[in-house]
file model04.cif (mmCIF, C-alpha atoms)
data_target
loop_
_atom_site.group_PDB
_atom_site.id
_atom_site.type_symbol
_atom_site.label_atom_id
_atom_site.label_comp_id
_atom_site.auth_asym_id
_atom_site.auth_seq_id
_atom_site.Cartn_x
_atom_site.Cartn_y
_atom_site.Cartn_z
ATOM 1 C CA MET O 1 14.953 -21.306 26.944
ATOM 2 C CA ASP O 2 13.201 -24.294 25.351
ATOM 3 C CA VAL O 3 12.606 -22.280 22.205
ATOM 4 C CA LEU O 4 16.349 -21.698 21.871
ATOM 5 C CA THR O 5 17.328 -25.344 22.250
ATOM 6 C CA ASN O 6 14.369 -27.082 20.598
ATOM 7 C CA PRO O 7 15.852 -29.244 17.783
ATOM 8 C CA VAL O 8 12.704 -28.955 15.630
ATOM 9 C CA ILE O 9 12.941 -25.167 15.688
ATOM 10 C CA LYS O 10 16.705 -25.229 15.074
ATOM 11 C CA GLU O 11 16.534 -27.547 12.056
ATOM 12 C CA GLY O 12 13.218 -26.125 10.820
ATOM 13 C CA LEU O 13 14.839 -22.707 10.685
ATOM 14 C CA ILE O 14 17.368 -23.909 8.125
ATOM 15 C CA LEU O 15 14.688 -25.399 5.865
ATOM 16 C CA ALA O 16 12.410 -22.372 6.201
ATOM 17 C CA GLY O 17 15.336 -19.991 5.643
ATOM 18 C CA PHE O 18 16.433 -21.599 2.397
ATOM 19 C CA VAL O 19 12.849 -21.876 1.108
ATOM 20 C CA ILE O 20 12.307 -18.156 1.792
ATOM 21 C CA ALA O 21 15.663 -17.368 0.121
ATOM 22 C CA LEU O 22 14.525 -19.277 -2.994
ATOM 23 C CA ILE O 23 11.260 -17.310 -2.989
ATOM 24 C CA GLY O 24 13.388 -14.174 -2.730
ATOM 25 C CA LEU O 25 15.527 -15.159 -5.727
ATOM 26 C CA ARG O 26 12.313 -15.502 -7.719
ATOM 27 C CA ALA O 27 10.900 -12.228 -6.421
ATOM 28 C CA VAL O 28 13.938 -10.099 -7.292
ATOM 29 C CA ARG O 29 13.749 -10.818 -11.010
ATOM 30 C CA THR O 30 11.872 -7.504 -11.430
ATOM 31 C CA ILE O 31 12.704 -4.159 -9.820
ATOM 32 C CA GLU O 32 9.241 -3.972 -8.249
ATOM 33 C CA GLY O 33 9.733 -7.422 -6.735
ATOM 34 C CA THR O 34 13.197 -6.371 -5.544
ATOM 35 C CA ALA O 35 11.745 -3.350 -3.746
ATOM 36 C CA ARG O 36 9.117 -5.518 -2.037
ATOM 37 C CA TRP O 37 11.803 -8.079 -1.117
ATOM 38 C CA GLY O 38 13.920 -5.265 0.346
ATOM 39 C CA VAL O 39 11.089 -4.236 2.686
ATOM 40 C CA PHE O 40 10.691 -7.854 3.783
ATOM 41 C CA ALA O 41 14.471 -8.305 4.272
ATOM 42 C CA VAL O 42 14.758 -5.199 6.458
ATOM 43 C CA ALA O 43 11.688 -6.210 8.521
ATOM 44 C CA PHE O 44 13.112 -9.706 9.012
ATOM 45 C CA LEU O 45 16.482 -8.238 9.948
ATOM 46 C CA VAL O 46 14.885 -6.074 12.658
ATOM 47 C CA ILE O 47 12.942 -9.057 14.058
ATOM 48 C CA ALA O 48 15.912 -11.440 13.920
ATOM 49 C CA GLN O 49 18.301 -8.980 15.547
ATOM 50 C CA SER O 50 15.785 -8.056 18.246
ATOM 51 C CA LEU O 51 15.125 -11.709 19.087
ATOM 52 C CA SER O 52 18.829 -12.592 19.054
ATOM 53 C CA PHE O 53 19.639 -9.600 21.176
ATOM 54 C CA PHE O 54 16.972 -9.947 23.834
ATOM 55 C CA ILE O 55 16.300 -13.695 24.021
ATOM 56 C CA SER O 56 19.807 -15.135 24.121
ATOM 57 C CA PRO O 57 21.447 -15.033 27.557
ATOM 58 C CA PRO O 58 24.776 -13.279 28.180
ATOM 59 C CA ASP O 59 27.843 -15.479 27.789
ATOM 60 C CA ARG O 60 29.475 -16.788 30.986
ATOM 61 C CA ASP O 61 32.897 -15.326 30.098
ATOM 62 C CA MET O 62 32.204 -12.554 27.612
ATOM 63 C CA GLY O 63 28.888 -11.282 28.951
ATOM 64 C CA ASP O 64 26.881 -9.136 26.514
ATOM 65 C CA LEU O 65 29.928 -8.714 24.297
ATOM 66 C CA GLN O 66 29.135 -12.152 22.839
ATOM 67 C CA LYS O 67 26.135 -10.585 21.049
ATOM 68 C CA ILE O 68 28.515 -8.972 18.553
ATOM 69 C CA MET O 69 28.494 -12.498 17.094
ATOM 70 C CA TYR O 70 25.004 -11.888 15.662
ATOM 71 C CA VAL O 71 26.376 -9.249 13.303
ATOM 72 C CA HIS O 72 30.010 -10.367 12.982
ATOM 73 C CA VAL O 73 29.507 -14.012 11.983
ATOM 74 C CA PRO O 74 26.667 -13.344 9.467
ATOM 75 C CA SER O 75 28.743 -10.534 7.915
ATOM 76 C CA ALA O 76 31.687 -12.930 7.528
ATOM 77 C CA TRP O 77 29.465 -15.615 6.003
ATOM 78 C CA MET O 78 27.942 -13.124 3.543
ATOM 79 C CA ALA O 79 31.433 -11.898 2.569
ATOM 80 C CA LEU O 80 32.460 -15.484 1.789
ATOM 81 C CA ALA O 81 29.136 -16.307 0.101
ATOM 82 C CA ALA O 82 29.490 -13.172 -2.035
ATOM 83 C CA PHE O 83 32.939 -14.265 -3.213
ATOM 84 C CA GLY O 84 31.463 -17.688 -3.993
ATOM 85 C CA ILE O 85 28.754 -16.062 -6.134
ATOM 86 C CA VAL O 86 31.325 -13.812 -7.850
ATOM 87 C CA PHE O 87 33.417 -16.924 -8.572
ATOM 88 C CA VAL O 88 30.522 -18.936 -10.073
ATOM 89 C CA ALA O 89 29.207 -15.961 -12.082
ATOM 90 C CA SER O 90 32.734 -15.245 -13.375
ATOM 91 C CA LEU O 91 33.231 -18.851 -14.467
ATOM 92 C CA LEU O 92 29.849 -18.770 -16.211
ATOM 93 C CA TYR O 93 30.856 -15.538 -17.938
ATOM 94 C CA LEU O 94 34.143 -17.030 -19.154
ATOM 95 C CA TRP O 95 32.246 -20.051 -20.443
ATOM 96 C CA ARG O 96 29.158 -18.425 -21.985
ATOM 97 C CA ARG O 97 30.369 -14.837 -22.582
ATOM 98 C CA ASP O 98 26.974 -13.586 -21.427
ATOM 99 C CA GLU O 99 27.294 -10.075 -19.968
ATOM 100 C CA ARG O 100 24.503 -10.769 -17.445
ATOM 101 C CA PHE O 101 26.873 -13.086 -15.555
ATOM 102 C CA ASP O 102 29.489 -10.336 -15.505
ATOM 103 C CA ARG O 103 26.863 -7.949 -14.112
ATOM 104 C CA ILE O 104 25.900 -10.441 -11.384
ATOM 105 C CA ALA O 105 29.584 -10.799 -10.433
ATOM 106 C CA ALA O 106 30.145 -7.040 -10.306
ATOM 107 C CA SER O 107 26.958 -6.398 -8.311
ATOM 108 C CA THR O 108 27.827 -9.106 -5.800
ATOM 109 C CA ALA O 109 31.416 -7.892 -5.422
ATOM 110 C CA GLU O 110 30.229 -4.475 -4.206
ATOM 111 C CA ALA O 111 28.080 -6.014 -1.464
ATOM 112 C CA GLY O 112 30.886 -8.490 -0.690
ATOM 113 C CA THR O 113 33.348 -5.636 -0.177
ATOM 114 C CA VAL O 114 30.994 -3.965 2.300
ATOM 115 C CA PHE O 115 30.470 -7.199 4.248
ATOM 116 C CA THR O 116 34.212 -7.961 4.317
ATOM 117 C CA ALA O 117 35.044 -4.473 5.613
ATOM 118 C CA LEU O 118 32.293 -4.819 8.219
ATOM 119 C CA THR O 119 33.608 -8.221 9.291
ATOM 120 C CA LEU O 120 37.077 -6.798 9.919
ATOM 121 C CA ALA O 121 35.796 -3.729 11.765
ATOM 122 C CA GLN O 122 33.378 -5.722 13.959
ATOM 123 C CA GLY O 123 36.142 -8.222 14.678
ATOM 124 C CA MET O 124 38.452 -5.413 15.797
ATOM 125 C CA ILE O 125 35.765 -4.000 18.088
ATOM 126 C CA TRP O 126 35.241 -7.491 19.545
ATOM 127 C CA GLY O 127 38.983 -8.220 19.744
ATOM 128 C CA ARG O 128 39.922 -5.163 21.803
ATOM 129 C CA PRO O 129 38.022 -6.133 24.997
ATOM 130 C CA THR O 130 38.393 -9.909 24.421
ATOM 131 C CA TRP O 131 42.002 -10.300 23.283
ATOM 132 C CA GLY O 132 43.223 -6.939 24.557
ATOM 133 C CA ILE O 133 44.300 -5.815 21.065
ATOM 134 C CA TRP O 134 42.568 -4.225 18.064
ATOM 135 C CA TRP O 135 44.582 -6.157 15.508
ATOM 136 C CA THR O 136 47.089 -8.991 15.206
ATOM 137 C CA TRP O 137 48.543 -10.767 12.183
ATOM 138 C CA ASP O 138 46.560 -13.907 12.917
ATOM 139 C CA PRO O 139 46.003 -16.103 9.788
ATOM 140 C CA ARG O 140 42.208 -15.594 9.854
ATOM 141 C CA LEU O 141 42.492 -11.831 10.220
ATOM 142 C CA THR O 142 45.292 -11.539 7.684
ATOM 143 C CA SER O 143 43.575 -13.679 5.034
ATOM 144 C CA THR O 144 40.342 -11.686 5.544
ATOM 145 C CA ALA O 145 42.298 -8.444 5.068
ATOM 146 C CA VAL O 146 43.763 -9.937 1.876
ATOM 147 C CA MET O 147 40.212 -10.777 0.766
ATOM 148 C CA LEU O 148 39.206 -7.134 1.256
ATOM 149 C CA VAL O 149 42.207 -5.982 -0.784
ATOM 150 C CA MET O 150 41.251 -8.445 -3.540
ATOM 151 C CA TYR O 151 37.655 -7.196 -3.570
ATOM 152 C CA VAL O 152 38.849 -3.599 -3.772
ATOM 153 C CA GLY O 153 41.310 -4.594 -6.507
ATOM 154 C CA TYR O 154 38.506 -6.308 -8.422
ATOM 155 C CA LEU O 155 36.311 -3.190 -8.246
ATOM 156 C CA SER O 156 39.237 -0.889 -9.119
ATOM 157 C CA LEU O 157 40.042 -3.003 -12.150
ATOM 158 C CA ARG O 158 36.451 -2.687 -13.291
ATOM 159 C CA ALA O 159 36.544 1.074 -12.796
ATOM 160 C CA PHE O 160 39.719 1.545 -14.865
ATOM 161 C CA ALA O 161 39.190 -0.861 -17.777
ATOM 162 C CA ASP O 162 37.369 0.924 -20.616
ATOM 163 C CA ASP O 163 36.668 -1.882 -23.017
ATOM 164 C CA GLU O 164 33.662 -3.760 -21.704
ATOM 165 C CA GLU O 165 34.627 -7.204 -22.961
ATOM 166 C CA ARG O 166 38.188 -6.893 -21.687
ATOM 167 C CA ARG O 167 36.967 -5.557 -18.330
ATOM 168 C CA ALA O 168 34.674 -8.547 -17.896
ATOM 169 C CA ARG O 169 37.369 -11.041 -18.884
ATOM 170 C CA TRP O 170 40.093 -9.573 -16.657
ATOM 171 C CA SER O 171 37.841 -9.164 -13.643
ATOM 172 C CA ALA O 172 36.566 -12.719 -14.065
ATOM 173 C CA ALA O 173 40.167 -13.940 -13.904
ATOM 174 C CA VAL O 174 40.765 -11.920 -10.708
ATOM 175 C CA ALA O 175 37.561 -13.338 -9.199
ATOM 176 C CA VAL O 176 38.657 -16.907 -9.882
ATOM 177 C CA LEU O 177 42.009 -16.237 -8.170
ATOM 178 C CA GLY O 178 40.270 -14.425 -5.339
ATOM 179 C CA PHE O 179 38.104 -17.413 -4.609
ATOM 180 C CA LEU O 180 41.226 -19.401 -3.739
ATOM 181 C CA ASN O 181 41.837 -16.904 -0.956
ATOM 182 C CA ALA O 182 38.202 -17.152 0.213
ATOM 183 C CA ASN O 183 38.847 -20.853 0.830
ATOM 184 C CA ILE O 184 42.000 -19.994 2.773
ATOM 185 C CA VAL O 185 39.954 -17.547 4.887
ATOM 186 C CA TYR O 186 37.439 -20.279 5.707
ATOM 187 C CA MET O 187 39.981 -22.981 6.481
ATOM 188 C CA SER O 188 42.620 -20.776 8.159
ATOM 189 C CA VAL O 189 41.245 -21.372 11.672
ATOM 190 C CA ARG O 190 41.584 -25.132 11.176
ATOM 191 C CA TRP O 191 44.928 -25.156 9.331
ATOM 192 C CA TRP O 192 46.673 -22.738 11.702
ATOM 193 C CA ARG O 193 45.205 -22.822 15.205
ATOM 194 C CA THR O 194 46.260 -19.424 16.552
ATOM 195 C CA LEU O 195 44.239 -16.660 18.215
ATOM 196 C CA HIS O 196 40.943 -16.654 16.297
ATOM 197 C CA GLN O 197 38.556 -19.386 17.406
ATOM 198 C CA VAL O 198 37.278 -22.043 14.985
ATOM 199 C CA GLN O 199 34.161 -21.472 12.876
ATOM 200 C CA SER O 200 30.929 -20.773 14.783
ATOM 201 C CA THR O 201 28.829 -23.854 14.011
ATOM 202 C CA PRO O 202 26.287 -25.816 16.101
ATOM 203 C CA GLU O 203 29.202 -28.133 17.010
ATOM 204 C CA THR O 204 31.372 -25.343 18.381
ATOM 205 C CA LEU O 205 28.629 -23.112 19.773
ATOM 206 C CA SER O 206 26.530 -23.342 22.927
ATOM 207 C CA PRO O 207 23.026 -24.590 21.925
ATOM 208 C CA VAL O 208 21.341 -21.462 23.313
ATOM 209 C CA TYR O 209 23.029 -19.296 20.666
ATOM 210 C CA VAL O 210 22.270 -21.424 17.589
ATOM 211 C CA VAL O 211 18.707 -20.170 16.922
ATOM 212 C CA GLY O 212 19.735 -16.521 17.225
ATOM 213 C CA LEU O 213 22.748 -17.004 14.977
ATOM 214 C CA ARG O 214 20.753 -18.866 12.316
ATOM 215 C CA MET O 215 18.009 -16.235 12.284
ATOM 216 C CA SER O 216 20.600 -13.467 11.989
ATOM 217 C CA ALA O 217 22.452 -15.342 9.235
ATOM 218 C CA PHE O 218 19.271 -15.757 7.184
ATOM 219 C CA ALA O 219 18.387 -12.100 7.775
ATOM 220 C CA PHE O 220 21.778 -11.113 6.339
ATOM 221 C CA LEU O 221 21.302 -13.548 3.440
ATOM 222 C CA PHE O 222 17.934 -11.977 2.580
ATOM 223 C CA LEU O 223 19.584 -8.559 2.755
ATOM 224 C CA LEU O 224 22.428 -9.725 0.495
ATOM 225 C CA ILE O 225 19.901 -10.964 -2.092
ATOM 226 C CA PHE O 226 18.223 -7.546 -2.036
ATOM 227 C CA LEU O 227 21.481 -5.571 -2.291
ATOM 228 C CA VAL O 228 22.804 -7.644 -5.189
ATOM 229 C CA ALA O 229 19.499 -7.658 -7.095
ATOM 230 C CA TYR O 230 19.005 -3.905 -6.667
ATOM 231 C CA ARG O 231 22.539 -3.210 -7.948
ATOM 232 C CA TYR O 232 22.048 -5.677 -10.809
ATOM 233 C CA HIS O 233 18.898 -3.893 -12.018
ATOM 234 C CA THR O 234 20.745 -0.559 -11.848
ATOM 235 C CA GLY O 235 23.586 -2.102 -13.871
ATOM 236 C CA THR O 236 21.052 -3.184 -16.488
ATOM 237 C CA MET O 237 19.727 0.380 -16.759
ATOM 238 C CA GLU O 238 23.262 1.758 -17.073
ATOM 239 C CA ARG O 239 23.961 -0.729 -19.853
ATOM 240 C CA GLN O 240 20.763 0.253 -21.675
ATOM 241 C CA ALA O 241 21.799 3.920 -21.552
ATOM 242 C CA GLU O 242 25.291 3.056 -22.864
ATOM 243 C CA THR O 243 23.790 1.027 -25.706
ATOM 244 C CA ARG O 244 21.549 3.928 -26.726
ATOM 245 C CA ILE O 245 24.498 6.339 -26.729
ATOM 246 C CA GLU O 246 26.535 3.906 -28.849
ATOM 247 C CA GLU O 247 23.625 3.541 -31.286
ATOM 248 C CA GLN O 248 23.281 7.326 -31.489
ATOM 249 C CA ALA O 249 27.002 7.712 -32.180
ATOM 250 C CA LEU O 250 26.860 4.984 -34.810
ATOM 251 C CA ALA O 251 23.826 6.524 -36.480
ATOM 252 C CA GLY O 252 25.596 9.921 -36.500
ATOM 253 C CA SER O 253 28.773 8.543 -38.097
ATOM 254 C CA THR O 254 26.709 6.596 -40.677
ATOM 255 C CA ALA O 255 24.800 9.753 -41.587
ATOM 256 C CA HIS O 256 28.096 11.581 -42.258
ATOM 257 C CA VAL O 257 29.230 8.784 -44.605
ATOM 258 C CA MET A 1 35.355 0.777 28.639
ATOM 259 C CA SER A 2 32.420 -1.562 29.256
ATOM 260 C CA ASP A 3 31.051 -4.451 27.209
ATOM 261 C CA VAL A 4 27.987 -2.364 26.386
ATOM 262 C CA PHE A 5 30.195 0.315 24.828
ATOM 263 C CA PHE A 6 31.853 -2.154 22.436
ATOM 264 C CA LEU A 7 28.555 -3.894 21.689
ATOM 265 C CA THR A 8 26.922 -0.557 20.881
ATOM 266 C CA ALA A 9 29.901 0.483 18.768
ATOM 267 C CA ALA A 10 29.704 -2.732 16.708
ATOM 268 C CA HIS A 11 25.983 -2.264 16.088
ATOM 269 C CA VAL A 12 26.173 1.443 15.302
ATOM 270 C CA LEU A 13 28.996 0.757 12.837
ATOM 271 C CA THR A 14 27.158 -2.139 11.169
ATOM 272 C CA TRP A 15 23.853 -0.376 10.634
ATOM 273 C CA THR A 16 25.472 2.921 9.626
ATOM 274 C CA VAL A 17 27.636 1.249 6.975
ATOM 275 C CA LEU A 18 24.746 -0.823 5.613
ATOM 276 C CA ALA A 19 22.449 2.229 5.540
ATOM 277 C CA ALA A 20 25.160 4.223 3.718
ATOM 278 C CA PHE A 21 25.507 1.419 1.175
ATOM 279 C CA VAL A 22 21.736 1.412 0.547
ATOM 280 C CA VAL A 23 21.831 5.210 0.071
ATOM 281 C CA TYR A 24 24.669 4.746 -2.455
ATOM 282 C CA LEU A 25 22.620 2.119 -4.330
ATOM 283 C CA VAL A 26 19.517 4.344 -4.419
ATOM 284 C CA ARG A 27 21.502 7.377 -5.634
ATOM 285 C CA ARG A 28 23.242 5.326 -8.294
ATOM 286 C CA ARG A 29 19.883 3.986 -9.487
ATOM 287 C CA ARG A 30 18.462 7.515 -9.654
ATOM 288 C CA GLN A 31 21.448 8.616 -11.766
ATOM 289 C CA ALA A 32 20.991 5.600 -14.057
ATOM 290 C CA ARG A 33 17.292 6.430 -14.444
ATOM 291 C CA GLU A 34 18.090 10.066 -15.319
ATOM 292 C CA ARG A 35 20.726 8.961 -17.848
ATOM 293 C CA LEU A 36 18.312 6.504 -19.414
ATOM 294 C CA ASP A 37 15.636 9.198 -19.707
ATOM 295 C CA GLU A 38 18.162 11.580 -21.290
ATOM 296 C CA THR A 39 19.229 9.028 -23.865
ATOM 297 C CA ALA A 40 15.578 8.223 -24.572
ATOM 298 C CA SER A 41 14.859 11.880 -25.333
ATOM 299 C CA LEU A 42 18.014 12.023 -27.501
ATOM 300 C CA THR A 43 16.817 9.024 -29.473
ATOM 301 C CA ALA A 44 13.352 10.543 -29.832
ATOM 302 C CA GLY A 45 14.891 13.879 -30.911
ATOM 303 C CA GLY A 46 17.111 12.111 -33.440
ATOM 304 C CA ARG A 47 14.103 10.642 -35.126
#

call {"tool": "encode", "arguments": {"input": "model04.cif", "output": "structure tokens"}}
result
Amino acid sequence: MDVLTNPVIKEGLILAGFVIALIGLRAVRTIEGTARWGVFAVAFLVIAQSLSFFISPPDRDMGDLQKIMYVHVPSAWMALAAFGIVFVASLLYLWRRDERFDRIAASTAEAGTVFTALTLAQGMIWGRPTWGIWWTWDPRLTSTAVMLVMYVGYLSLRAFADDEERRARWSAAVAVLGFLNANIVYMSVRWWRTLHQVQSTPETLSPVYVVGLRMSAFAFLFLLIFLVAYRYHTGTMERQAETRIEEQALAGSTAHV
Amino acid sequence: MSDVFFLTAAHVLTWTVLAAFVVYLVRRRRQARERLDETASLTAGGR
């Protein structure tokens, strides 16, 4: 139990987690590095989930059901973090008009959509035995559902817009608007105190659950870095293929002239 | 239904969805690689 409540371990985890994440951001600059990072992220995820699952004691009221927190809360954080990244990358695109920022935004939005959908589904599974209902129009749940719709709308817009520059510009505008909602999702439990409890932080959480939650959160962060980087590299390859086709078409039309 | 049922359901759902997403990413990358190789051979043929 000491391991779970030791302040050095709790705070050291944050420092170590962010240092490893920075190493990861450096590693994923190549596809080979991304693949290696993916293996590490999955291994860390297995270790973190196993430790969280088996070390932390059952909750006094919720019993083992509380352990859904180790997948639900990190998924929610990654969904919000993803929208934050999409927002920053979109702003950078609008400012610099560099298509790499647009590609980062698009890659992150796909992972963000998955994490948002997971958050809602896990929350429903947790809500049924805890609240007695699968769904209610609670501000946190509703704003998260709106966030999912916005993510899906963002990806649909990208799928339907043909002109690359216009697609990037429009989707960047949607991402900037969507980030407003991400803030509402985060603050909803404080602005409107209804059914959903406030954010799970060391202040609101029993000390014995903090280490497990932090390890799980970093495991999900490492996974998010892998998913986004892998999709980004694929996007780069797709762009290269498109460029070659355009060059071929241009060369063909020039030859006819 | 017991706590264990809901806990198991949440985990099965999470790992299945994430695994499916990784499969999607790998398949999409394979398609991109094939397309890139095709365009490379087109370019080589054009020359």

call {"tool": "closest_atom_pairs", "arguments": {"input": "model04.cif", "of": "chain A", "to": "chain O", "cutoff": "6 Å", "atoms": "only C-alpha atoms", "output": "JSON lines"}}
result
{"residue": "A:Asp3", "atom": "CA", "partner": "O:Leu65", "partner_atom": "CA", "distance": 5.3}
{"residue": "A:Leu7", "atom": "CA", "partner": "O:Leu65", "partner_atom": "CA", "distance": 5.6}
{"residue": "A:Ala10", "atom": "CA", "partner": "O:Gln122", "partner_atom": "CA", "distance": 5.5}
{"residue": "A:Arg29", "atom": "CA", "partner": "O:Thr234", "partner_atom": "CA", "distance": 5.2}
{"residue": "A:Ala32", "atom": "CA", "partner": "O:Glu238", "partner_atom": "CA", "distance": 5.4}
{"residue": "A:Leu36", "atom": "CA", "partner": "O:Ala241", "partner_atom": "CA", "distance": 4.8}

call {"tool": "residues_around", "arguments": {"input": "model04.cif", "residues": "segment 40-43 of chain O", "least_positions_apart": "3", "cutoff": "9 Å", "atoms": "only C-alpha atoms", "output": "compact mmCIF listing (two decimals) with C-alpha atoms, keeping the file's coordinate frame"}}
result
# COMPACT_ATOMS: atom_id res chain seq x y z
CA ALA O 35 11.74 -3.35 -3.75
CA ARG O 36 9.12 -5.52 -2.04
CA TRP O 37 11.80 -8.08 -1.12
CA VAL O 46 14.88 -6.07 12.66
CA ILE O 47 12.94 -9.06 14.06
CA ALA O 48 15.91 -11.44 13.92
CA ALA O 219 18.39 -12.10 7.78
CA PHE O 220 21.78 -11.11 6.34
CA LEU O 221 21.30 -13.55 3.44
CA PHE O 222 17.93 -11.98 2.58
CA LEU O 223 19.58 -8.56 2.76
CA LEU O 224 22.43 -9.72 0.50
CA ILE O 225 19.90 -10.96 -2.09
CA PHE O 226 18.22 -7.55 -2.04

call {"tool": "atom_distance", "arguments": {"input": "model04.cif", "atom1": "atom CA of Val189 of chain O", "atom2": "atom CA of Trp135 of chain O"}}
result
16.0 Å

call {"tool": "resolve_selection", "arguments": {"input": "model04.cif", "expression": "the PyMOL selection byres ((chain O and resi 197) around 12)", "output": "tab-separated table (two decimals) with C-alpha atoms, keeping the file's coordinate frame"}}
result
chain	number	residue	atom	x	y	z
O	73	VAL	CA	29.51	-14.01	11.98
O	123	GLY	CA	36.14	-8.22	14.68
O	127	GLY	CA	38.98	-8.22	19.74
O	130	THR	CA	38.39	-9.91	24.42
O	131	TRP	CA	42.00	-10.30	23.28
O	138	ASP	CA	46.56	-13.91	12.92
O	139	PRO	CA	46.00	-16.10	9.79
O	140	ARG	CA	42.21	-15.59	9.85
O	141	LEU	CA	42.49	-11.83	10.22
O	186	TYR	CA	37.44	-20.28	5.71
O	187	MET	CA	39.98	-22.98	6.48
O	188	SER	CA	42.62	-20.78	8.16
O	189	VAL	CA	41.24	-21.37	11.67
O	190	ARG	CA	41.58	-25.13	11.18
O	191	TRP	CA	44.93	-25.16	9.33
O	192	TRP	CA	46.67	-22.74	11.70
O	193	ARG	CA	45.20	-22.82	15.20
O	194	THR	CA	46.26	-19.42	16.55
O	195	LEU	CA	44.24	-16.66	18.22
O	196	HIS	CA	40.94	-16.65	16.30
O	198	VAL	CA	37.28	-22.04	14.98
O	199	GLN	CA	34.16	-21.47	12.88
O	200	SER	CA	30.93	-20.77	14.78
O	201	THR	CA	28.83	-23.85	14.01
O	204	THR	CA	31.37	-25.34	18.38
O	205	LEU	CA	28.63	-23.11	19.77

call {"tool": "atom_distance", "arguments": {"input": "model04.cif", "atom1": "atom CA of Ser143 of chain O", "atom2": "atom CA of Gly84 of chain O"}}
result
15.6 Å

call {"tool": "closest_residue", "arguments": {"input": "model04.cif", "among": "O:Ile184, O:Leu51, O:Val146, O:Leu91", "to": "Trp170 of chain O", "atoms": "all atoms listed in the file"}}
result
O:Leu91

call {"tool": "atom_distance", "arguments": {"input": "model04.cif", "atom1": "atom CA of Arg35 of chain A", "atom2": "atom CA of Ala19 of chain A"}}
result
24.4 Å

call {"tool": "build_atoms", "arguments": {"input": "model04.cif", "residues": "segment 218-231 of chain O", "atoms": "N, CA and C atoms", "output": "compact mmCIF listing (two decimals), keeping the file's coordinate frame"}}
result
# COMPACT_ATOMS: atom_id res chain seq x y z
N PHE O 218 20.25 -15.81 8.27
CA PHE O 218 19.27 -15.76 7.18
C PHE O 218 18.83 -14.31 6.91
N ALA O 219 18.74 -13.52 7.97
CA ALA O 219 18.39 -12.10 7.78
C ALA O 219 19.44 -11.41 6.90
N PHE O 220 20.70 -11.70 7.15
CA PHE O 220 21.78 -11.11 6.34
C PHE O 220 21.75 -11.68 4.91
N LEU O 221 21.39 -12.95 4.78
CA LEU O 221 21.30 -13.55 3.44
C LEU O 221 20.19 -12.86 2.63
N PHE O 222 19.04 -12.66 3.28
CA PHE O 222 17.93 -11.98 2.58
C PHE O 222 18.35 -10.56 2.18
N LEU O 223 19.11 -9.91 3.06
CA LEU O 223 19.58 -8.56 2.76
C LEU O 223 20.57 -8.59 1.59
N LEU O 224 21.45 -9.59 1.59
CA LEU O 224 22.43 -9.72 0.50
C LEU O 224 21.71 -9.90 -0.84
N ILE O 225 20.67 -10.75 -0.86
CA ILE O 225 19.90 -10.96 -2.09
C ILE O 225 19.33 -9.63 -2.58
N PHE O 226 18.79 -8.85 -1.66
CA PHE O 226 18.22 -7.55 -2.04
C PHE O 226 19.31 -6.62 -2.60
N LEU O 227 20.42 -6.50 -1.88
CA LEU O 227 21.48 -5.57 -2.29
C LEU O 227 22.02 -5.92 -3.67
N VAL O 228 22.25 -7.21 -3.90
CA VAL O 228 22.80 -7.64 -5.19
C VAL O 228 21.79 -7.42 -6.31
N ALA O 229 20.53 -7.79 -6.05
CA ALA O 229 19.50 -7.66 -7.10
C ALA O 229 19.27 -6.19 -7.45
N TYR O 230 19.24 -5.33 -6.43
CA TYR O 230 19.00 -3.90 -6.67
C TYR O 230 20.13 -3.33 -7.53
N ARG O 231 21.37 -3.69 -7.19
CA ARG O 231 22.54 -3.21 -7.95
C ARG O 231 22.53 -3.79 -9.37
